[in-house]
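Data from final-v8.cif: mmCIF, C-alpha atoms
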data_data
loop_
_atom_site.label_atom_id
_atom_site.label_comp_id
_atom_site.auth_asym_id
_atom_site.auth_seq_id
_atom_site.Cartn_x
_atom_site.Cartn_y
_atom_site.Cartn_z
CA MET Y 7 0.00 0.00 0.00
CA LYS Y 8 1.21 3.49 -0.81
CA GLU Y 9 0.29 4.96 2.55
CA LEU Y 10 0.26 3.54 6.07
CA SER Y 11 -3.21 5.03 6.55
CA LEU Y 12 -4.48 2.61 3.88
CA HIS Y 13 -3.35 -0.30 6.05
CA ILE Y 14 -5.23 1.32 8.94
CA LEU Y 15 -8.37 1.53 6.80
CA ASP Y 16 -7.92 -2.10 5.82
CA VAL Y 17 -7.42 -3.38 9.38
CA ALA Y 18 -10.43 -1.30 10.49
CA GLN Y 19 -12.56 -3.29 8.02
CA ASN Y 20 -11.64 -6.46 9.95
CA SER Y 21 -12.84 -4.80 13.17
CA ILE Y 22 -16.11 -3.79 11.54
CA LYS Y 23 -16.61 -7.30 10.23
CA ALA Y 24 -15.98 -8.59 13.76
CA LYS Y 25 -18.93 -6.43 14.89
CA ALA Y 26 -16.84 -4.03 16.95
CA THR Y 27 -18.67 -1.07 18.49
CA GLU Y 28 -15.43 0.67 19.49
CA LEU Y 29 -12.31 1.21 17.43
CA LYS Y 30 -9.19 2.80 18.88
CA ILE Y 31 -6.49 4.03 16.55
CA LYS Y 32 -3.27 5.21 18.13
CA ILE Y 33 -0.25 6.57 16.30
CA VAL Y 34 2.98 7.22 18.13
CA GLU Y 35 5.85 8.97 16.39
CA ASN Y 36 9.03 9.21 18.40
CA LEU Y 37 11.66 11.05 16.43
CA GLN Y 38 14.38 10.84 19.11
CA ASP Y 39 14.23 7.07 19.38
CA ASP Y 40 13.34 6.86 15.69
CA TYR Y 41 10.26 4.69 15.72
CA MET Y 42 6.65 4.88 14.65
CA LYS Y 43 3.92 2.70 16.11
CA ILE Y 44 0.43 2.15 14.82
CA ILE Y 45 -1.99 0.46 17.19
CA ILE Y 46 -5.51 -0.54 16.14
CA GLU Y 47 -7.67 -2.00 18.86
CA ASP Y 48 -11.29 -3.09 18.76
CA ASN Y 49 -13.89 -4.68 21.01
CA GLY Y 50 -15.14 -7.06 18.31
CA GLU Y 51 -15.66 -10.79 18.46
CA GLY Y 52 -11.98 -11.68 18.53
CA VAL Y 53 -10.54 -14.80 16.93
CA GLU Y 54 -9.71 -18.31 18.17
CA GLU Y 55 -6.13 -19.03 19.14
CA GLU Y 56 -5.77 -21.48 16.31
CA PHE Y 57 -6.90 -18.89 13.76
CA LEU Y 58 -4.58 -16.32 15.33
CA GLU Y 59 -1.59 -18.63 14.85
CA ASN Y 60 -2.20 -18.64 11.11
CA ILE Y 61 -3.58 -15.14 10.75
CA LEU Y 62 -0.50 -13.83 8.94
CA ASP Y 63 -0.64 -16.62 6.39
CA PRO Y 64 -2.16 -15.23 3.19
CA PHE Y 65 -4.16 -18.41 2.74
CA THR Y 66 -6.02 -17.76 5.97
CA THR Y 67 -9.14 -15.65 5.61
CA THR Y 68 -12.68 -15.42 6.93
CA ARG Y 69 -13.84 -14.48 3.46
CA THR Y 70 -16.03 -16.65 1.35
CA THR Y 71 -15.68 -14.61 -1.85
CA ARG Y 72 -12.02 -15.55 -2.24
CA LYS Y 73 -9.52 -17.88 -0.62
CA VAL Y 74 -6.74 -15.44 0.20
CA GLY Y 75 -6.54 -12.71 2.82
CA LEU Y 76 -3.74 -10.26 2.18
CA GLY Y 77 -4.58 -7.43 4.54
CA LEU Y 78 -2.53 -8.40 7.58
CA PRO Y 79 0.32 -10.10 5.67
CA LEU Y 80 0.77 -6.90 3.63
CA PHE Y 81 0.84 -4.79 6.78
CA GLN Y 82 3.36 -7.18 8.32
CA ALA Y 83 5.58 -7.02 5.24
CA ALA Y 84 5.44 -3.21 5.33
CA ALA Y 85 6.60 -3.19 8.98
CA GLU Y 86 9.29 -5.84 8.54
CA ARG Y 87 10.93 -4.15 5.61
CA CYS Y 88 11.37 -1.10 7.87
CA GLU Y 89 13.17 -2.98 10.66
CA GLY Y 90 9.85 -3.27 12.48
CA LYS Y 91 7.29 -5.91 13.26
CA LEU Y 92 3.59 -6.65 13.44
CA GLU Y 93 1.97 -8.16 16.51
CA ILE Y 94 -1.61 -9.31 16.97
CA ASP Y 95 -3.42 -10.14 20.16
CA SER Y 96 -6.95 -11.36 20.26
CA GLU Y 97 -9.38 -12.81 22.71
CA ILE Y 98 -12.78 -14.27 21.92
CA GLY Y 99 -15.51 -11.96 23.16
CA LYS Y 100 -13.07 -9.18 24.06
CA GLY Y 101 -11.53 -7.93 20.86
CA THR Y 102 -8.39 -7.71 18.80
CA LYS Y 103 -5.31 -5.53 18.93
CA VAL Y 104 -2.95 -5.05 16.00
CA GLU Y 105 0.32 -3.27 16.62
CA ALA Y 106 2.78 -2.37 13.88
CA THR Y 107 6.19 -0.83 14.53
CA PHE Y 108 8.44 0.85 11.99
CA LYS Y 109 11.81 2.53 12.04
CA HIS Y 110 10.60 6.11 11.54
CA SER Y 111 13.43 7.23 9.27
CA HIS Y 112 13.58 4.02 7.23
CA ILE Y 113 13.71 4.80 3.52
CA ASP Y 114 11.09 2.16 2.75
CA ARG Y 115 8.60 3.43 5.32
CA ALA Y 116 5.54 4.64 3.46
CA PRO Y 117 4.17 7.98 4.63
CA LEU Y 118 1.19 7.95 6.97
CA GLY Y 119 -0.64 9.76 4.17
CA ASP Y 120 -4.21 10.90 4.29
CA ILE Y 121 -5.08 9.82 7.81
CA GLU Y 122 -7.82 12.46 8.19
CA GLY Y 123 -9.56 11.18 5.05
CA THR Y 124 -9.18 7.62 6.30
CA ILE Y 125 -10.76 8.35 9.70
CA ALA Y 126 -13.54 10.36 8.03
CA ILE Y 127 -14.30 7.44 5.71
CA ILE Y 128 -14.38 4.92 8.57
CA ILE Y 129 -16.90 7.17 10.34
CA GLN Y 130 -18.90 7.75 7.14
CA GLY Y 131 -19.35 4.05 6.52
CA ASN Y 132 -19.99 3.08 10.13
CA PRO Y 133 -22.03 5.78 11.84
CA ASP Y 134 -22.74 3.61 14.90
CA LEU Y 135 -19.09 2.82 15.57
CA GLU Y 136 -17.29 4.85 18.25
CA VAL Y 137 -13.91 5.81 16.84
CA TYR Y 138 -11.11 7.03 19.10
CA TYR Y 139 -8.09 8.63 17.51
CA GLN Y 140 -4.93 9.41 19.39
CA HIS Y 141 -1.83 10.78 17.72
CA ILE Y 142 1.38 11.44 19.62
CA VAL Y 143 4.44 13.09 18.11
CA ASN Y 144 7.27 13.21 20.65
CA ASN Y 145 5.67 14.96 23.64
CA ASN Y 146 2.72 16.45 21.80
CA GLU Y 147 -0.62 14.75 21.67
CA PHE Y 148 -3.90 15.14 19.82
CA ASP Y 149 -7.07 13.25 20.71
CA PHE Y 150 -10.38 12.95 18.95
CA SER Y 151 -13.37 10.72 19.45
CA THR Y 152 -16.77 10.35 17.86
CA VAL Y 153 -18.15 10.33 21.43
CA GLU Y 154 -17.06 13.98 21.84
CA ALA Y 155 -18.38 14.92 18.41
CA ARG Y 156 -21.73 13.25 19.03
CA LYS Y 157 -22.23 15.35 22.18
CA GLU Y 158 -22.15 18.47 20.03
CA LEU Y 159 -24.40 16.97 17.36
CA GLU Y 160 -27.36 16.18 19.60
CA GLY Y 161 -28.93 13.47 17.49
CA VAL Y 162 -27.88 14.67 14.02
CA PRO Y 163 -26.28 11.61 12.36
CA ILE Y 164 -22.50 11.75 12.43
CA ASN Y 165 -22.29 10.62 8.80
CA GLU Y 166 -24.20 13.61 7.41
CA PRO Y 167 -21.98 14.90 4.57
CA ALA Y 168 -21.52 18.32 6.19
CA VAL Y 169 -20.44 16.69 9.46
CA ILE Y 170 -17.99 14.31 7.76
CA LYS Y 171 -16.48 17.22 5.85
CA PHE Y 172 -16.03 19.16 9.07
CA ILE Y 173 -14.45 16.22 10.90
CA LYS Y 174 -11.99 15.71 8.06
CA GLU Y 175 -10.96 19.38 8.11
CA TYR Y 176 -10.82 19.43 11.90
CA LEU Y 177 -8.52 16.39 11.96
CA ALA Y 178 -6.33 17.74 9.16
CA GLU Y 179 -5.74 21.03 10.93
CA ASN Y 180 -5.02 19.51 14.30
CA ILE Y 181 -2.71 16.80 12.96
CA GLN Y 182 -0.85 19.38 10.89
CA ASN Y 183 -0.51 21.52 13.99
CA LEU Y 184 0.79 18.55 15.98
CA LYS Y 185 3.53 17.94 13.44
CA GLY Y 186 4.31 21.64 13.14
CA ALA Y 187 4.86 21.91 16.89
CA VAL Y 188 7.74 19.46 16.65
CA ARG Y 189 9.80 21.22 14.00
CA MET X 22 -7.73 26.49 14.36
CA LYS X 23 -10.98 24.54 14.20
CA SER X 24 -12.65 23.38 17.38
CA LEU X 25 -15.44 20.87 17.94
CA ASP X 26 -17.67 23.72 19.19
CA GLU X 27 -18.13 24.63 15.55
CA LEU X 28 -20.19 21.48 15.14
CA GLU X 29 -23.06 23.50 16.61
CA LYS X 30 -23.26 25.47 13.35
CA ILE X 31 -22.67 22.39 11.18
CA LYS X 32 -25.46 20.63 13.05
CA LYS X 33 -27.94 23.33 11.98
CA GLU X 34 -26.79 23.11 8.36
CA ALA X 35 -27.16 19.32 8.46
CA GLN X 36 -30.66 19.59 9.90
CA GLU X 37 -31.69 21.87 7.00
CA GLU X 38 -30.24 19.40 4.50
CA MET X 39 -32.05 16.52 6.15
CA LYS X 40 -35.38 18.36 5.83
CA LEU X 41 -34.81 18.94 2.12
CA ARG X 42 -34.25 15.28 1.55
CA GLU X 43 -37.07 13.83 3.58
CA ASP X 44 -39.48 12.97 0.78
CA LYS X 45 -36.97 12.01 -1.88
CA ASP X 46 -35.99 8.51 -2.87
CA ASP X 47 -32.30 7.92 -2.54
CA THR X 48 -29.81 6.95 -5.18
CA ARG X 49 -27.64 4.34 -3.54
CA ILE X 50 -23.92 4.33 -4.19
CA THR X 51 -21.92 1.36 -2.91
CA ILE X 52 -18.14 1.21 -2.86
CA ALA X 53 -16.19 -2.00 -2.26
CA MET X 54 -13.68 -1.46 0.52
CA GLY X 55 -11.88 -4.79 0.91
CA THR X 56 -8.08 -5.06 0.86
CA CYS X 57 -8.23 -5.32 -2.93
CA GLY X 58 -10.40 -2.21 -3.27
CA ILE X 59 -8.30 -0.20 -0.83
CA ALA X 60 -5.04 -1.19 -2.54
CA ALA X 61 -6.50 -0.20 -5.92
CA GLY X 62 -7.56 3.26 -4.71
CA ALA X 63 -11.14 2.87 -3.43
CA ARG X 64 -10.55 5.29 -0.54
CA ASP X 65 -9.74 8.18 -2.84
CA VAL X 66 -12.62 7.30 -5.16
CA LEU X 67 -14.98 7.41 -2.19
CA LYS X 68 -13.48 10.74 -1.14
CA VAL X 69 -14.07 12.25 -4.58
CA ILE X 70 -17.68 11.05 -4.69
CA LEU X 71 -18.33 12.40 -1.17
CA GLU X 72 -16.79 15.75 -2.07
CA GLU X 73 -18.76 15.99 -5.32
CA LEU X 74 -22.08 15.19 -3.63
CA GLU X 75 -21.32 17.92 -1.11
CA LYS X 76 -20.03 20.42 -3.69
CA GLN X 77 -22.89 19.92 -6.14
CA GLU X 78 -25.41 19.86 -3.29
CA ILE X 79 -26.76 16.49 -4.36
CA ASN X 80 -28.79 15.49 -1.33
CA ASN X 81 -30.74 12.54 -2.66
CA ALA X 82 -27.83 10.11 -2.76
CA SER X 83 -26.32 8.00 -0.03
CA ILE X 84 -23.00 6.16 0.06
CA THR X 85 -22.43 2.81 1.67
CA GLN X 86 -19.28 0.73 1.91
CA THR X 87 -19.03 -2.99 1.42
CA GLY X 88 -16.26 -5.62 1.45
CA CYS X 89 -14.67 -7.59 -1.35
CA ILE X 90 -17.24 -8.86 -3.85
CA GLY X 91 -14.89 -11.35 -5.50
CA LEU X 92 -13.93 -9.25 -8.52
CA CYS X 93 -10.58 -8.13 -7.12
CA ASN X 94 -9.00 -7.62 -10.54
CA GLN X 95 -11.61 -5.00 -11.45
CA GLU X 96 -11.29 -2.85 -8.34
CA PRO X 97 -12.05 -0.12 -7.44
CA ILE X 98 -15.68 -1.08 -7.91
CA VAL X 99 -18.59 1.32 -7.55
CA GLU X 100 -22.25 0.35 -7.78
CA VAL X 101 -24.96 2.91 -8.49
CA GLN X 102 -28.61 2.15 -7.97
CA LYS X 103 -31.21 4.73 -8.93
CA PRO X 104 -34.59 4.36 -7.25
CA GLY X 105 -36.70 1.76 -9.08
CA GLU X 106 -33.86 0.75 -11.40
CA ASP X 107 -31.43 -2.18 -11.51
CA PRO X 108 -28.02 -1.55 -9.97
CA VAL X 109 -25.18 -0.72 -12.35
CA THR X 110 -21.69 -1.97 -11.41
CA TYR X 111 -18.66 0.01 -12.54
CA GLY X 112 -15.11 -1.38 -12.51
CA GLU X 113 -11.61 0.10 -12.51
CA VAL X 114 -12.95 3.40 -11.29
CA GLY X 115 -10.23 6.02 -10.83
CA ILE X 116 -10.57 9.67 -9.82
CA GLU X 117 -11.52 10.78 -13.33
CA GLU X 118 -14.04 7.95 -13.73
CA ALA X 119 -15.56 8.82 -10.35
CA HIS X 120 -16.23 12.37 -11.53
CA LYS X 121 -17.79 10.98 -14.71
CA ILE X 122 -20.09 8.63 -12.77
CA VAL X 123 -21.29 11.49 -10.56
CA ASP X 124 -21.84 13.93 -13.44
CA GLU X 125 -23.33 11.54 -15.98
CA HIS X 126 -25.11 8.84 -14.03
CA ILE X 127 -25.98 10.32 -10.65
CA VAL X 128 -26.83 13.82 -11.92
CA ASN X 129 -27.94 13.24 -15.51
CA ASP X 130 -29.30 9.70 -15.32
CA GLU X 131 -27.08 8.42 -18.13
CA VAL X 132 -25.21 5.18 -17.45
CA VAL X 133 -21.47 5.46 -18.26
CA GLN X 134 -21.43 2.43 -20.58
CA ASP X 135 -17.64 2.24 -21.05
CA LEU X 136 -17.07 1.61 -17.35
CA VAL X 137 -19.78 -0.96 -16.72
CA ILE X 138 -18.60 -4.45 -15.70
CA LYS X 139 -20.19 -6.93 -18.05
#
Take the structure in this file and express it as structure tokens.
Amino acid sequence: MKELSLHILDVAQNSIKAKATELKIKIVENLQDDYMKIIIEDNGEGVEEEFLENILDPFTTTRTTRKVGLGLPLFQAAAERCEGKLEIDSEIGKGTKVEATFKHSHIDRAPLGDIEGTIAIIIQGNPDLEVYYQHIVNNNEFDFSTVEARKELEGVPINEPAVIKFIKEYLAENIQNLKGAVR
Amino acid sequence: MKSLDELEKIKKEAQEEMKLREDKDDTRITIAMGTCGIAAGARDVLKVILEELEKQEINNASITQTGCIGLCNQEPIVEVQKPGEDPVTYGEVGIEEAHKIVDEHIVNDEVVQDLVIK
């Protein structure tokens, strides 16, 4: 994938399919210690231990439309070629956590890319899902959640086009600001 | 810098929009968002369609997302269903094609034949 945010969108689809009602996306960028972490955690159905053991095998998938599942193996390959790794924890009935680590300055590390558009699209397609976004760059932090936004909206659906557009712009500005504060 | 307080104003705008749309039948737009779709560019196609609906003030269309439909080699795939009509499935939809689908099919009711998956 050209952007790390596309992997995030892809992993989020697994959470949605696992009937998650909460999705937590956390991005940590530590420029001193030169690493980047992406953590995606849900409260979905979780997977059996046996399935988890083979989850990074491309020929393991829950899909019925095709026999290969490339989402997680691709994410793993992206992390490993940047001196990083991908770890998955899951418990039936509790949820699943996917954690990818990258060497921040690695030449093969794809940019995070359009993370604001990605979050906006997750919310657009899943208006009942509570999405939590946390982004840390060194000592600076930005937090957003659909729970906060919903408080302001008082019953207006969160996936109304005008609301989605606002959320995207709000995220873009704040994430830009977060990165600007570091330079 | 934007703050979430501004949602107060957006909320009012959205409520107006929702009133306008109440009695209209919706055109349904479905975008496949599996790994194959995402890798082929479905996210940006969805973004363009969302932006165009907003820009052109088209308020009788709704967008839903679905997973892989088994036609991975023809992603990104977009399906358009006008009220009372059969769904039309478009394949290999890029940014330019997305604009075309909005302008010709969604606005002007003319199916973009070249892009239809047969």
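Residues selected in this file by the PyMOL selection byres ((chain X and resi 108-117) around 6) comprise Val66, Gln95, Glu96, Pro97, Ile98, Val99, Glu100, Val101, Gln102, Asp107, Glu118, Ala119, His120, Leu136, Val137 and Ile138 of chain X.
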query = Restricting the calculation to all atoms listed in the file, which member of Y:Ala83, Y:Ala178, Y:Val143, Y:Ala168 is positioned closest to Glu122 in chain Y?
reply =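 Checking each candidate against Glu122 in chain Y, we get Y:Ala178 as the closest.
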task = Pull out every residue that the PyMOL selection byres ((chain X) within 10 of (chain Y)) matches in the shown coordinates and put them as a PyMOL selection string.
result = chain X and resi 22-36+38-39+52+54-65+67-68+71-72+74-75+78+80+83-93
inquiry  = Since I can't run it myself right now, could you work out what the PyMOL selection byres ((chain Y and resi 44) around 6) selects here and report it as a list in words?
reply    = Lys32, Ile33, Lys43, Ile45, Glu105 and Ala106 of chain Y
Go ahead and save the picked residues with C-alpha atoms, as a PDB file, in the coordinates of the input.
ATOM      1  CA  LYS Y  32      -3.270   5.210  18.130  1.00  0.00           C
ATOM      2  CA  ILE Y  33      -0.250   6.570  16.300  1.00  0.00           C
ATOM      3  CA  LYS Y  43       3.920   2.700  16.110  1.00  0.00           C
ATOM      4  CA  ILE Y  45      -1.990   0.460  17.190  1.00  0.00           C
ATOM      5  CA  GLU Y 105       0.320  -3.270  16.620  1.00  0.00           C
ATOM      6  CA  ALA Y 106       2.780  -2.370  13.880  1.00  0.00           C
TER       7      ALA Y 106
END
message = List as a list in words the protein and nucleic acid residues near Leu92 in chain Y, meaning an atom at most 8 Å away when all atoms listed in the file are counted, but skip any in the same chain fewer than 6 places from it.
response =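 So, after excluding close chain neighbours, the residues are Phe81, Gln82, Ala85, Glu86, Val104, Glu105, Ala106 and Thr107 of chain Y.
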Take the residues from that selection and write them out as a compact mmCIF listing (two decimals), in the frame of the given file, keeping C-alpha atoms.
# COMPACT_ATOMS: atom_id res chain seq x y z
CA PHE Y 81 0.84 -4.79 6.78
CA GLN Y 82 3.36 -7.18 8.32
CA ALA Y 85 6.60 -3.19 8.98
CA GLU Y 86 9.29 -5.84 8.54
CA VAL Y 104 -2.95 -5.05 16.00
CA GLU Y 105 0.32 -3.27 16.62
CA ALA Y 106 2.78 -2.37 13.88
CA THR Y 107 6.19 -0.83 14.53
Ref. answer, residues at most 6 Å from (-17.9, 3.7, 17.7) with all atoms listed in the file, as a list of chain:residue names =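 Those residues, ordered by chain and then number, are Y:Thr27, Y:Glu28, Y:Asp134, Y:Leu135, Y:Glu136, Y:Val137.
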ask   = What separation in Å, quoted to one decimal, exists between CA of Asn144 in chain Y and CA of Asn36 in chain Y?
value =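 So the answer is 4.9 Å.
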ask   = Nearest to Val69 in chain X among X:His126, X:Lys121, X:Lys139, X:Lys103, with distances taken over only C-alpha atoms: which residue is it?
value =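 Closest to Val69 in chain X of all the choices is X:Lys121.
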key: Pairwise distance for CA of Leu118 in chain Y and CA of Ile31 in chain Y, rounded to one decimal in Å   = 12.9 Å
key: Straight-line distance linking CA of Asn81 in chain X with CA of Lys40 in chain X, stated in Å to one decimal   = 11.3 Å
query = Which one of Y:Lys109, Y:Lys174, Y:Arg115, Y:Lys25 sits closest to Tyr41 in chain Y if you count only C-alpha atoms?
reply = Y:Lys109
message = At a cut-off of 6 Å, using all atoms listed in the file, what residues contact Ser11 in chain Y? Leave out same-chain residues fewer than 3 positions from it and give the result as JSON, numbers by chain.
response = {"Y": [14, 118, 119, 121]}
